[in-house]
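The file start-v8.cif contains mmCIF, C-alpha atoms:
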```cif
data_data
loop_
_atom_site.label_atom_id
_atom_site.label_comp_id
_atom_site.auth_asym_id
_atom_site.auth_seq_id
_atom_site.Cartn_x
_atom_site.Cartn_y
_atom_site.Cartn_z
CA MET A 260 -3.70 -13.54 -22.53
CA ILE A 261 -3.49 -9.94 -21.30
CA ASP A 262 -3.73 -7.74 -24.37
CA LYS A 263 -1.17 -5.02 -25.01
CA GLN A 264 -3.52 -2.11 -24.29
CA SER A 265 -4.70 -3.57 -20.95
CA SER A 266 -1.08 -4.14 -19.93
CA LEU A 267 -0.27 -0.53 -20.79
CA ARG A 268 -3.25 0.80 -18.84
CA LEU A 269 -2.25 -1.23 -15.78
CA ASN A 270 1.23 0.28 -15.99
CA LEU A 271 -0.28 3.76 -16.06
CA LEU A 272 -1.79 3.14 -12.62
CA ARG A 273 1.36 2.08 -10.81
CA PHE A 274 3.13 5.34 -10.08
CA PRO A 275 0.01 7.43 -9.27
CA ALA A 276 -0.98 4.67 -6.83
CA ILE A 277 2.45 4.83 -5.18
CA ILE A 278 2.06 8.60 -4.82
CA GLY A 279 -1.21 7.82 -3.06
CA VAL A 280 0.51 5.39 -0.68
CA VAL A 281 3.14 7.98 0.27
CA TYR A 282 0.49 10.65 0.93
CA VAL A 283 -1.48 8.22 3.09
CA HIS A 284 1.64 7.78 5.22
CA ALA A 285 2.21 11.55 5.31
CA TYR A 286 -1.25 12.27 6.72
CA GLY A 287 -0.37 12.84 10.36
CA THR A 288 0.49 16.28 11.72
CA THR A 289 2.31 14.94 14.77
CA VAL A 290 5.14 12.52 15.45
CA SER A 291 4.89 10.74 18.79
CA TYR A 292 7.75 9.09 20.65
CA ALA A 293 8.52 7.93 24.17
CA GLY A 294 9.42 11.39 25.44
CA GLY A 295 6.71 13.52 23.84
CA THR A 296 5.21 14.77 20.58
CA LEU A 297 6.36 16.98 17.71
CA GLY A 298 4.09 18.89 15.33
CA GLN A 299 0.58 20.27 15.77
CA ALA A 300 -2.42 18.19 16.78
CA GLU A 301 -4.87 20.93 15.78
CA THR A 302 -4.91 22.48 12.29
CA ASN A 303 -7.16 24.97 10.52
CA GLY A 304 -10.19 23.99 8.48
CA LEU A 305 -8.56 24.27 5.05
CA THR A 306 -5.57 22.16 6.06
CA GLU A 307 -7.85 19.55 7.58
CA PHE A 308 -10.08 19.42 4.51
CA ILE A 309 -7.22 19.06 2.00
CA ARG A 310 -5.50 16.40 4.11
CA ASN A 311 -8.71 14.41 4.39
CA LEU A 312 -9.53 14.88 0.70
CA LEU A 313 -6.15 13.61 -0.47
CA SER A 314 -4.80 11.18 2.14
CA GLN A 315 -8.04 9.76 3.52
CA GLY A 316 -10.00 10.01 0.29
CA LEU A 317 -8.35 9.98 -3.12
CA ALA A 318 -5.08 8.31 -2.04
CA ARG A 319 -6.93 5.47 -0.32
CA ILE A 320 -7.82 4.05 -3.75
CA ALA A 321 -4.18 3.00 -4.16
CA VAL A 322 -4.08 -0.13 -2.00
CA PRO A 323 -7.37 -1.62 -3.30
CA LEU A 324 -6.08 -1.00 -6.83
CA PHE A 325 -2.86 -2.88 -6.12
CA PHE A 326 -4.78 -5.81 -4.62
CA LEU A 327 -7.13 -5.85 -7.62
CA MET A 328 -4.26 -5.84 -10.12
CA SER A 329 -2.34 -8.47 -8.16
CA GLY A 330 -5.30 -10.85 -8.12
CA TYR A 331 -5.88 -10.31 -11.82
CA LEU A 332 -2.25 -10.85 -12.79
CA PHE A 333 -1.99 -13.97 -10.63
CA PHE A 334 -4.94 -15.71 -12.25
CA ALA A 335 -4.85 -14.37 -15.81
CA ASN A 336 -3.74 -17.03 -18.33
CA PHE A 337 -3.28 -19.50 -15.46
CA ARG A 338 -4.00 -23.17 -16.09
CA TRP A 339 -4.20 -25.09 -12.83
CA SER A 340 -1.82 -27.94 -12.07
CA LYS A 341 0.58 -28.70 -9.24
CA LYS A 342 3.49 -27.71 -11.45
CA THR A 343 2.07 -24.36 -12.58
CA TYR A 344 0.93 -23.48 -9.06
CA ALA A 345 4.38 -24.31 -7.69
CA GLU A 346 5.90 -22.11 -10.40
CA LYS A 347 3.54 -19.28 -9.47
CA LEU A 348 4.57 -19.57 -5.83
CA ARG A 349 8.25 -19.67 -6.77
CA THR A 350 7.78 -16.48 -8.77
CA ARG A 351 5.95 -14.78 -5.88
CA MET A 352 8.75 -15.74 -3.49
CA GLN A 353 11.14 -13.92 -5.80
CA THR A 354 8.97 -10.87 -6.42
CA LEU A 355 7.48 -10.52 -2.93
CA LEU A 356 9.25 -12.49 -0.20
CA VAL A 357 12.86 -11.69 -1.15
CA PRO A 358 12.27 -7.90 -1.28
CA MET A 359 10.27 -7.99 1.97
CA VAL A 360 13.05 -9.84 3.77
CA PHE A 361 15.72 -7.51 2.34
CA TRP A 362 14.01 -4.21 3.20
CA ASN A 363 13.02 -5.30 6.69
CA ILE A 364 16.52 -6.55 7.47
CA LEU A 365 17.95 -3.32 6.06
CA GLY A 366 15.60 -1.26 8.23
CA LEU A 367 16.49 -3.28 11.32
CA ALA A 368 20.20 -2.98 10.59
CA LEU A 369 20.10 0.79 10.03
CA VAL A 370 18.13 1.50 13.19
CA ALA A 371 20.31 -0.89 15.21
CA LEU A 372 23.41 0.90 13.90
CA VAL A 373 22.03 4.33 14.79
CA GLN A 374 21.03 3.13 18.25
CA LEU A 375 24.68 2.23 18.98
CA PHE A 376 25.53 5.92 19.31
CA PRO A 377 24.52 7.41 22.69
CA SER A 378 24.22 10.91 21.22
CA ILE A 379 21.62 9.70 18.71
CA GLN A 380 19.69 7.54 21.13
CA THR A 381 17.76 10.62 22.21
CA VAL A 382 16.57 11.37 18.66
CA PRO A 383 12.76 10.88 18.71
CA TYR A 384 12.49 8.90 15.49
CA PHE A 385 14.89 6.15 16.52
CA ILE A 386 13.86 5.56 20.11
CA GLY A 387 10.25 4.94 21.01
CA SER A 388 8.46 2.72 23.47
CA ASP A 389 9.85 -0.48 21.91
CA ASN A 390 13.03 -2.26 22.92
CA LEU A 391 16.30 -1.49 21.22
CA VAL A 392 16.77 -3.62 18.12
CA ALA A 393 19.81 -5.22 19.71
CA GLN A 394 17.58 -6.43 22.56
CA TYR A 395 15.06 -8.24 20.32
CA THR A 396 14.48 -11.92 20.95
CA PRO A 397 14.79 -14.40 18.04
CA ILE A 398 10.99 -14.49 17.78
CA GLN A 399 10.87 -10.68 17.63
CA TYR A 400 13.44 -10.66 14.83
CA LEU A 401 11.44 -13.25 12.89
CA ASN A 402 8.22 -11.30 13.33
CA ALA A 403 9.95 -8.02 12.42
CA ILE A 404 11.15 -9.53 9.13
CA LEU A 405 8.08 -11.56 8.12
CA GLY A 406 5.20 -10.00 10.05
CA LEU A 407 4.07 -13.38 11.35
CA LYS A 408 2.20 -12.03 14.38
CA TRP A 409 1.66 -8.40 13.44
CA TYR A 410 3.16 -5.80 11.15
CA PRO A 411 6.74 -6.32 9.93
CA PHE A 412 9.43 -3.84 11.03
CA ALA A 413 8.86 -1.80 7.86
CA ASP A 414 5.15 -1.73 8.54
CA HIS A 415 4.14 -0.68 5.02
CA PHE A 416 5.19 -4.19 3.95
CA TRP A 417 1.99 -5.54 5.52
CA PHE A 418 0.65 -5.28 1.97
CA ILE A 419 3.36 -7.58 0.59
CA ARG A 420 2.84 -9.98 3.51
CA ASP A 421 -0.89 -10.14 2.72
CA LEU A 422 -0.20 -10.76 -0.98
CA LEU A 423 2.00 -13.71 -0.05
CA ILE A 424 -0.76 -15.18 2.10
CA LEU A 425 -3.32 -14.67 -0.68
CA ALA A 426 -1.00 -16.40 -3.13
CA LEU A 427 -0.83 -19.39 -0.79
CA LEU A 428 -4.64 -19.36 -0.54
CA ALA A 429 -5.08 -19.15 -4.33
CA PRO A 430 -6.35 -22.74 -4.81
CA VAL A 431 -9.01 -22.23 -2.12
CA LEU A 432 -10.03 -18.90 -3.62
CA ALA A 433 -10.26 -20.45 -7.09
CA VAL A 434 -12.73 -23.07 -5.86
CA ILE A 435 -14.82 -20.52 -3.95
CA LEU A 436 -14.94 -18.14 -6.91
CA ARG A 437 -16.00 -20.93 -9.22
CA PHE A 438 -18.84 -22.30 -7.13
CA ALA A 439 -19.88 -19.54 -4.69
CA ALA A 440 -18.56 -16.20 -5.97
CA LEU A 441 -21.65 -14.08 -5.27
CA PRO A 442 -22.26 -15.13 -1.63
CA PHE A 443 -18.52 -14.94 -1.00
CA PHE A 444 -18.29 -11.33 -2.21
CA ILE A 445 -21.44 -10.34 -0.32
CA VAL A 446 -20.10 -11.73 2.97
CA VAL A 447 -16.59 -10.29 2.60
CA PHE A 448 -17.90 -6.89 1.48
CA PHE A 449 -20.34 -6.77 4.40
CA CYS A 450 -17.60 -7.69 6.88
CA TRP A 451 -15.28 -5.05 5.45
CA VAL A 452 -17.75 -2.17 5.15
CA CYS A 453 -19.20 -2.80 8.61
CA GLY A 454 -15.79 -3.11 10.23
CA ILE A 455 -16.36 -6.71 11.34
CA TRP A 456 -13.13 -7.70 9.64
CA PRO A 457 -10.54 -4.98 10.31
CA LEU A 458 -8.80 -2.77 7.77
CA PRO A 459 -5.89 -3.01 7.34
CA GLU A 460 -5.24 -4.77 10.65
CA PRO A 461 -4.97 -8.53 10.22
CA VAL A 462 -7.11 -11.09 11.96
CA VAL A 463 -5.03 -13.11 14.39
CA MET A 464 -6.15 -16.61 15.35
CA GLY A 465 -4.20 -17.72 18.41
CA TRP A 466 -5.66 -21.18 18.70
CA VAL A 467 -3.96 -22.63 15.62
CA PHE A 468 -0.77 -24.71 15.77
CA GLY A 469 -0.50 -24.91 19.52
CA GLY A 470 -1.14 -21.25 20.16
CA TRP A 471 1.12 -19.79 17.44
CA PRO A 472 -1.01 -17.10 15.79
CA ILE A 473 -1.75 -17.04 12.07
CA VAL A 474 -2.18 -13.65 10.44
CA LEU A 475 -4.99 -13.62 7.89
CA PRO A 476 -5.25 -10.95 5.17
CA ALA A 477 -7.59 -8.03 5.79
CA ALA A 478 -11.07 -8.17 4.29
CA MET A 479 -10.33 -5.23 2.00
CA GLY A 480 -7.36 -7.04 0.45
CA LEU A 481 -9.30 -10.28 0.18
CA PHE A 482 -12.23 -8.53 -1.52
CA PHE A 483 -10.24 -6.70 -4.20
CA PHE A 484 -7.70 -9.48 -4.78
CA SER A 485 -10.60 -11.89 -5.30
CA ALA A 486 -12.35 -9.44 -7.64
CA GLY A 487 -9.22 -9.28 -9.79
CA ALA A 488 -8.86 -13.05 -9.56
CA LEU A 489 -12.43 -13.55 -10.79
CA CYS A 490 -11.72 -11.43 -13.86
CA GLY A 491 -8.54 -13.37 -14.52
CA ILE A 492 -10.22 -16.76 -14.11
CA ASN A 493 -13.02 -15.78 -16.50
CA GLY A 494 -10.61 -14.31 -19.03
CA GLN A 495 -12.22 -10.89 -18.62
CA SER A 496 -10.26 -7.64 -18.76
CA LEU A 497 -10.28 -5.30 -15.76
CA PHE A 498 -11.28 -2.63 -18.26
CA ALA A 499 -14.30 -4.49 -19.60
CA PHE A 500 -16.65 -2.09 -17.86
CA ASP A 501 -15.33 1.12 -19.41
CA LYS A 502 -18.85 1.87 -20.62
CA PHE A 503 -19.74 2.59 -16.99
CA GLY A 504 -16.57 4.60 -16.40
CA LYS A 505 -18.05 8.07 -16.85
CA THR A 506 -20.85 7.17 -14.47
CA ALA A 507 -18.30 5.92 -11.92
CA LEU A 508 -16.39 9.22 -12.17
CA LEU A 509 -19.56 11.28 -11.75
CA ILE A 510 -20.62 9.27 -8.73
CA TYR A 511 -17.19 9.13 -7.10
CA LEU A 512 -16.50 12.88 -7.11
CA PRO A 513 -19.38 13.81 -4.77
CA ILE A 514 -18.61 10.76 -2.62
CA LEU A 515 -15.00 11.94 -2.35
CA LEU A 516 -16.09 15.44 -1.29
CA ALA A 517 -18.61 14.07 1.19
CA ASP A 518 -15.96 11.73 2.58
CA ALA A 519 -13.64 14.70 3.26
CA ILE A 520 -16.38 16.94 4.68
CA TRP A 521 -17.92 14.36 6.99
CA TYR A 522 -14.69 12.54 7.77
CA LYS A 523 -15.50 12.24 11.49
CA ALA A 524 -19.22 11.49 11.10
CA TRP A 525 -20.59 8.20 12.43
CA PHE A 526 -21.60 7.07 8.94
CA ASN A 527 -18.27 7.88 7.28
CA MET A 528 -16.90 4.35 7.57
CA TYR A 529 -19.71 3.03 5.37
CA LEU A 530 -19.52 5.97 2.96
CA HIS A 531 -15.74 5.77 2.65
CA ARG A 532 -15.44 2.02 2.11
CA ALA A 533 -18.33 1.80 -0.32
CA GLY A 534 -16.84 4.81 -2.11
CA LEU A 535 -13.54 2.98 -2.58
CA VAL A 536 -15.27 0.46 -4.84
CA VAL A 537 -16.58 3.28 -7.03
CA GLY A 538 -13.21 5.04 -6.83
CA VAL A 539 -11.36 1.98 -8.10
CA ALA A 540 -13.73 1.72 -11.06
CA ALA A 541 -13.22 5.43 -11.76
CA ALA A 542 -9.42 5.06 -11.58
CA LEU A 543 -9.48 2.18 -14.06
CA TYR A 544 -11.53 4.28 -16.49
CA ALA A 545 -9.24 7.30 -15.97
CA THR A 546 -6.40 5.39 -17.66
CA LYS A 547 -8.42 5.57 -20.88
CA LEU A 548 -8.41 9.37 -20.60
CA VAL A 549 -4.67 9.43 -19.88
CA MET A 550 -3.99 7.52 -23.09
CA ARG A 551 -5.29 10.54 -25.00
CA CYS A 552 -2.28 12.51 -23.70
CA PRO A 553 0.87 10.89 -25.17
CA ARG A 554 3.33 12.88 -23.05
CA LEU A 555 1.55 12.11 -19.80
CA GLN A 556 1.22 8.49 -20.84
CA GLN A 557 4.94 8.19 -21.55
CA ALA A 558 5.85 9.90 -18.27
CA LEU A 559 3.67 7.55 -16.23
CA VAL A 560 5.01 4.48 -18.04
CA THR A 561 8.59 5.62 -17.35
CA LEU A 562 7.88 6.42 -13.71
CA GLY A 563 5.99 3.15 -13.31
CA GLY A 564 9.30 1.29 -13.36
CA THR A 565 10.37 3.11 -10.18
CA SER A 566 7.16 2.34 -8.29
CA PHE A 567 8.26 -0.60 -6.15
CA PHE A 568 11.59 1.02 -5.26
CA VAL A 569 9.83 4.23 -4.15
CA TYR A 570 7.29 2.16 -2.21
CA ALA A 571 9.97 0.11 -0.44
CA ALA A 572 12.38 2.94 0.34
CA HIS A 573 10.08 5.85 1.20
CA GLU A 574 9.99 4.71 4.81
CA PRO A 575 11.78 5.41 7.10
CA ILE A 576 12.95 8.40 5.02
CA LEU A 577 9.50 10.00 5.08
CA GLY A 578 9.28 9.61 8.85
CA VAL A 579 12.74 11.07 9.42
CA VAL A 580 12.07 14.08 7.15
CA ARG A 581 8.72 14.78 8.85
CA THR A 582 10.34 14.54 12.28
CA LEU A 583 13.12 16.95 11.34
CA ALA A 584 10.65 19.35 9.73
CA PHE A 585 8.36 19.39 12.77
CA LYS A 586 11.36 19.89 15.05
CA TYR A 587 13.22 22.66 13.23
CA ILE A 588 10.67 24.55 11.09
CA PRO A 589 8.54 27.14 12.93
CA LEU A 590 4.92 26.06 12.84
CA ASP A 591 3.31 29.31 13.97
CA TRP A 592 2.09 30.37 10.48
CA PRO A 593 -1.44 28.92 9.94
CA TYR A 594 -0.59 27.14 6.69
CA THR A 595 2.88 25.82 7.47
CA MET A 596 1.50 22.35 8.22
CA LEU A 597 -0.40 22.34 4.93
CA LEU A 598 2.71 23.28 2.95
CA LEU A 599 4.77 20.65 4.75
CA TYR A 600 2.09 18.05 4.13
CA LEU A 601 2.07 18.79 0.39
CA ALA A 602 5.82 19.27 -0.03
CA ILE A 603 7.48 16.56 2.07
CA PRO A 604 6.24 13.57 0.02
CA VAL A 605 7.50 15.26 -3.16
CA LEU A 606 10.86 15.96 -1.52
CA VAL A 607 11.10 12.28 -0.54
CA MET A 608 9.92 10.72 -3.80
CA THR A 609 11.97 12.87 -6.20
CA PRO A 610 15.43 11.75 -4.95
CA LEU A 611 14.24 8.14 -4.84
CA VAL A 612 13.17 8.29 -8.49
CA LEU A 613 16.55 9.77 -9.41
CA LEU A 614 18.39 7.19 -7.29
CA HIS A 615 16.48 4.43 -9.05
CA ARG A 616 17.67 5.73 -12.41
CA VAL A 617 21.27 5.68 -11.17
CA LEU A 618 20.92 2.14 -9.82
CA VAL A 619 19.43 0.93 -13.11
CA VAL A 620 22.70 1.92 -14.79
CA ARG A 621 25.20 1.20 -12.01
CA CYS A 622 23.75 -1.80 -10.13
CA PRO A 623 21.00 -3.36 -12.24
CA ARG A 624 21.46 -6.86 -10.83
CA VAL A 625 21.27 -5.77 -7.19
CA LEU A 626 18.34 -3.48 -7.96
CA GLY A 627 16.55 -6.39 -9.61
CA ILE A 628 16.94 -8.51 -6.49
CA VAL A 629 15.75 -5.89 -3.99
CA THR A 630 12.77 -4.94 -6.15
CA GLY A 631 11.73 -8.48 -7.01
CA GLY A 632 12.88 -8.28 -10.62
CA ARG A 633 10.80 -5.20 -11.39
#
```

Using C-alpha cells, write down the structure that the file contains.
Amino acid sequence: MIDKQSSLRLNLLRFPAIIGVVYVHAYGTTVSYAGGTLGQAETNGLTEFIRNLLSQGLARIAVPLFFLMSGYLFFANFRWSKKTYAEKLRTRMQTLLVPMVFWNILGLALVALVQLFPSIQTVPYFIGSDNLVAQYTPIQYLNAILGLKWYPFADHFWFIRDLLILALLAPVLAVILRFAALPFFIVVFFCWVCGIWPLPEPVVMGWVFGGWPIVLPAAMGLFFFSAGALCGINGQSLFAFDKFGKTALLIYLPILLADAIWYKAWFNMYLHRAGLVVGVAAALYATKLVMRCPRLQQALVTLGGTSFFVYAAHEPILGVVRTLAFKYIPLDWPYTMLLLYLAIPVLVMTPLVLLHRVLVVRCPRVLGIVTGGR
C-alpha cells in the first residue's frame, strides 16, 4: 500500500513537472512552415545559456519522472492474475486511451475547420508541408489519433502512447524484473545513454504483421518506467533513498550547469542522460524540502489537479502564441527572445489553470472524461 506521505509527495511533483514539459516545448526561437521561418535563429549568450539551463536541463527531468511514477503506481499493491491485469488495462484505457483519442480528434477537427477558410490557409501555423487534414487517408487519420506508426497529431501525446504500450507489456516486464533486473537495466541504460535506442523517437519494426510497423517505447521511458515498476513490485517506496538525497542535489547542480555550458559538446549526450538519473533522484528528495513549507505544499497540491488538463491543452495554444509573438513583436532588442521564452509559457498555462477551475464547477463530468478521471 502506498502510504499517505508518499502519495502526497508524488502529488507535489505533478505540476512542476508539467511546467517543465511546457518549457521544453517552448525552447525553440524559430517557427518553421512551408513558406519560411519566423523568429531568430541566433540569440545572445545569456539567452542561449538560460534556455539550455531550463528547457534542455532542468525541465528534462519531467518526462523521466512521469515514467517513473507511472511504473510505480501501476505495480504498487498489484497482485497478478488475469482478472486484476484485465482490470488494470481497463483502467488505463480510461485514464490514457480515451483522453488521447479525444485530444487528437479535437486537434484534427480544429485545424481542419480553420483550413476551410481561404484567408486563414496562409497562416503559418496551420499550413505546413503536410497535407490538409481533409485530404488525410483513413490510415493517416488512424495514425494521427493513435500514433501507430509515428507521433500522434498532438505530438506531445507520444508519452501517453508509450505508457499504453508499457502497460500492455507489463507481464513481460514483471518477469524480466523478477529474474534478470540488473542485466536488463544495464542493457537499456547503455542503449539509452549511447543513443543506440532513440530518445524520444520510437523504434519502428516494419517486418512484423505483414509489414505493418509496431512502435516500441523509447529506451528512456522503458528504463524509468521499469525502475518505478521494480520499486512497486518489491513494495519499496520511491522515497526510500532520501538519505542520499542531499548528495544527489549536490551532484546534480554542477551537472546541470555543465550540461548548459557544454550543450553542443560531443560528450554532452552522455553527460545529459546520465545527469537525468541524478536529477530524478534530486527531484524526489526535493519534495521532502517542499513539505517544510505548508503554503507552497498546499499550492502545489491544488495545482496538481490541473496538471493533465494543462499538459493536454497547452498545444497547439503554445505554438499559436509563439507564432503570433514572433510575427508581430519586434525582435530587434537583444533580450526580447529571452523575455518571450520566459513569459509565453506562463501566459499559456495561467488561463488553462483558471479554465480548469471553471470546468470543475460547470462541467465536471465532461472534464473527468477528457482528463481520464483526474

Specify as an mmCIF file with C-alpha atoms, in the frame of the given file each residue included when the PyMOL selection byres ((chain A and resi 369) around 12) is applied to this file.
```cif
data_model
loop_
_atom_site.group_PDB
_atom_site.id
_atom_site.type_symbol
_atom_site.label_atom_id
_atom_site.label_comp_id
_atom_site.auth_asym_id
_atom_site.auth_seq_id
_atom_site.Cartn_x
_atom_site.Cartn_y
_atom_site.Cartn_z
ATOM 1 C CA TRP A 362 14.010 -4.210 3.200
ATOM 2 C CA ASN A 363 13.020 -5.300 6.690
ATOM 3 C CA ILE A 364 16.520 -6.550 7.470
ATOM 4 C CA LEU A 365 17.950 -3.320 6.060
ATOM 5 C CA GLY A 366 15.600 -1.260 8.230
ATOM 6 C CA LEU A 367 16.490 -3.280 11.320
ATOM 7 C CA ALA A 368 20.200 -2.980 10.590
ATOM 8 C CA VAL A 370 18.130 1.500 13.190
ATOM 9 C CA ALA A 371 20.310 -0.890 15.210
ATOM 10 C CA LEU A 372 23.410 0.900 13.900
ATOM 11 C CA VAL A 373 22.030 4.330 14.790
ATOM 12 C CA GLN A 374 21.030 3.130 18.250
ATOM 13 C CA LEU A 375 24.680 2.230 18.980
ATOM 14 C CA PHE A 376 25.530 5.920 19.310
ATOM 15 C CA PHE A 385 14.890 6.150 16.520
ATOM 16 C CA VAL A 392 16.770 -3.620 18.120
ATOM 17 C CA ALA A 393 19.810 -5.220 19.710
ATOM 18 C CA PHE A 412 9.430 -3.840 11.030
ATOM 19 C CA ALA A 413 8.860 -1.800 7.860
ATOM 20 C CA PRO A 575 11.780 5.410 7.100
ATOM 21 C CA ILE A 576 12.950 8.400 5.020
#
```

Would you kindly return, as a short mmCIF file (atom, residue, chain, number, x, y, z; two decimals) with C-alpha atoms, keeping the file's coordinate frame, each protein, DNA or RNA residue with an atom no farther than 12 Å from any atom of A:Leu516, considering all atoms listed in the file and excluding same-chain residues fewer than 6 positions away?
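Heads up, here's the output in selection11.cif:
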```cif
data_model
loop_
_atom_site.label_atom_id
_atom_site.label_comp_id
_atom_site.auth_asym_id
_atom_site.auth_seq_id
_atom_site.Cartn_x
_atom_site.Cartn_y
_atom_site.Cartn_z
CA PHE A 308 -10.08 19.42 4.51
CA ILE A 309 -7.22 19.06 2.00
CA ARG A 310 -5.50 16.40 4.11
CA ASN A 311 -8.71 14.41 4.39
CA LEU A 312 -9.53 14.88 0.70
CA LEU A 313 -6.15 13.61 -0.47
CA GLN A 315 -8.04 9.76 3.52
CA GLY A 316 -10.00 10.01 0.29
CA LEU A 317 -8.35 9.98 -3.12
CA LEU A 509 -19.56 11.28 -11.75
CA ILE A 510 -20.62 9.27 -8.73
CA TYR A 522 -14.69 12.54 7.77
CA ASN A 527 -18.27 7.88 7.28
CA LEU A 530 -19.52 5.97 2.96
CA HIS A 531 -15.74 5.77 2.65
CA GLY A 534 -16.84 4.81 -2.11
#
```

Selection result of the PyMOL selection byres ((chain A and resi 544) around 10) on this file, as a list in words: Arg268, Leu497, Phe498, Ala499, Phe500, Asp501, Lys502, Phe503, Gly504, Lys505, Thr506, Ala507, Leu508, Gly538, Val539, Ala540, Ala541, Ala542, Leu543, Ala545, Thr546, Lys547, Leu548 and Val549 of chain A

Please produce a file of those selected residues containing C-alpha atoms, as a PDB file, in the coordinates of the input.
```pdb
ATOM      1  CA  ARG A 268      -3.250   0.800 -18.840  1.00  0.00           C
ATOM      2  CA  LEU A 497     -10.280  -5.300 -15.760  1.00  0.00           C
ATOM      3  CA  PHE A 498     -11.280  -2.630 -18.260  1.00  0.00           C
ATOM      4  CA  ALA A 499     -14.300  -4.490 -19.600  1.00  0.00           C
ATOM      5  CA  PHE A 500     -16.650  -2.090 -17.860  1.00  0.00           C
ATOM      6  CA  ASP A 501     -15.330   1.120 -19.410  1.00  0.00           C
ATOM      7  CA  LYS A 502     -18.850   1.870 -20.620  1.00  0.00           C
ATOM      8  CA  PHE A 503     -19.740   2.590 -16.990  1.00  0.00           C
ATOM      9  CA  GLY A 504     -16.570   4.600 -16.400  1.00  0.00           C
ATOM     10  CA  LYS A 505     -18.050   8.070 -16.850  1.00  0.00           C
ATOM     11  CA  THR A 506     -20.850   7.170 -14.470  1.00  0.00           C
ATOM     12  CA  ALA A 507     -18.300   5.920 -11.920  1.00  0.00           C
ATOM     13  CA  LEU A 508     -16.390   9.220 -12.170  1.00  0.00           C
ATOM     14  CA  GLY A 538     -13.210   5.040  -6.830  1.00  0.00           C
ATOM     15  CA  VAL A 539     -11.360   1.980  -8.100  1.00  0.00           C
ATOM     16  CA  ALA A 540     -13.730   1.720 -11.060  1.00  0.00           C
ATOM     17  CA  ALA A 541     -13.220   5.430 -11.760  1.00  0.00           C
ATOM     18  CA  ALA A 542      -9.420   5.060 -11.580  1.00  0.00           C
ATOM     19  CA  LEU A 543      -9.480   2.180 -14.060  1.00  0.00           C
ATOM     20  CA  ALA A 545      -9.240   7.300 -15.970  1.00  0.00           C
ATOM     21  CA  THR A 546      -6.400   5.390 -17.660  1.00  0.00           C
ATOM     22  CA  LYS A 547      -8.420   5.570 -20.880  1.00  0.00           C
ATOM     23  CA  LEU A 548      -8.410   9.370 -20.600  1.00  0.00           C
ATOM     24  CA  VAL A 549      -4.670   9.430 -19.880  1.00  0.00           C
TER      25      VAL A 549
END
```

For the structure provided, state which residues fall under the PyMOL selection byres ((chain A and resi 335-348) around 7), and present them as a PyMOL selection string. chain A and resi 260+331-334+349-352+426+491-492+494

Dump as a CSV table (one decimal), keeping the file's coordinate frame, selection limited to C-alpha atoms:
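Output file result-v7.csv follows:
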```csv
chain,number,residue,atom,x,y,z
A,260,MET,CA,-3.7,-13.5,-22.5
A,331,TYR,CA,-5.9,-10.3,-11.8
A,332,LEU,CA,-2.2,-10.8,-12.8
A,333,PHE,CA,-2.0,-14.0,-10.6
A,334,PHE,CA,-4.9,-15.7,-12.2
A,349,ARG,CA,8.2,-19.7,-6.8
A,350,THR,CA,7.8,-16.5,-8.8
A,351,ARG,CA,6.0,-14.8,-5.9
A,352,MET,CA,8.8,-15.7,-3.5
A,426,ALA,CA,-1.0,-16.4,-3.1
A,491,GLY,CA,-8.5,-13.4,-14.5
A,492,ILE,CA,-10.2,-16.8,-14.1
A,494,GLY,CA,-10.6,-14.3,-19.0
```

Mind giving me the straight-line distance from atom CA of A:Leu562 to atom CA of A:Ala276 in Å, one decimal?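 Atom CA of A:Leu562 sits 11.4 Å away from atom CA of A:Ala276.
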
Quick one: pull the distance between atom CA of A:Tyr511 and atom CA of A:Leu535, Å, one decimal.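 We find that atom CA of A:Tyr511 and atom CA of A:Leu535 lie 8.5 Å from each other.
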
Taking all atoms listed in the file into account, name the residue in A:Leu475, A:Leu267, A:Ala321, A:Val580 that is nearest to A:Tyr282.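 Of A:Leu475, A:Leu267, A:Ala321, A:Val580, the one nearest A:Tyr282, counting all atoms listed in the file, is A:Ala321.
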
Could you jot down the atom CA of A:Ser314 to atom CA of A:Tyr286 separation for me, Å, one decimal place?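 These two atoms are separated by 5.9 Å.
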
I need the residue nearest A:Gly631 from this list: A:Pro358, A:Pro442, A:Gly287, A:Pro323. Use all atoms listed in the file for the distance. A:Pro358

Considering only C-alpha atoms, state which residue in the set A:Ser496, A:Gln299, A:Thr630, A:Ser291 is at the smallest distance from A:Leu618. A:Thr630

From A:Val281, A:Leu272, A:Ile419, A:Val579, residue lying nearest A:Gly563 [all atoms listed in the file]: A:Leu272

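Distance annotation: of A:Leu324, A:Leu405, A:Val569, A:Leu355, the residue with the minimal separation from A:Ile628 is A:Leu355; atom set is all atoms listed in the file.
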
Determine the nearest neighbour of A:Glu307 from the options A:Pro513, A:Pro610, A:Pro430, A:Pro593, counting only C-alpha atoms. A:Pro593
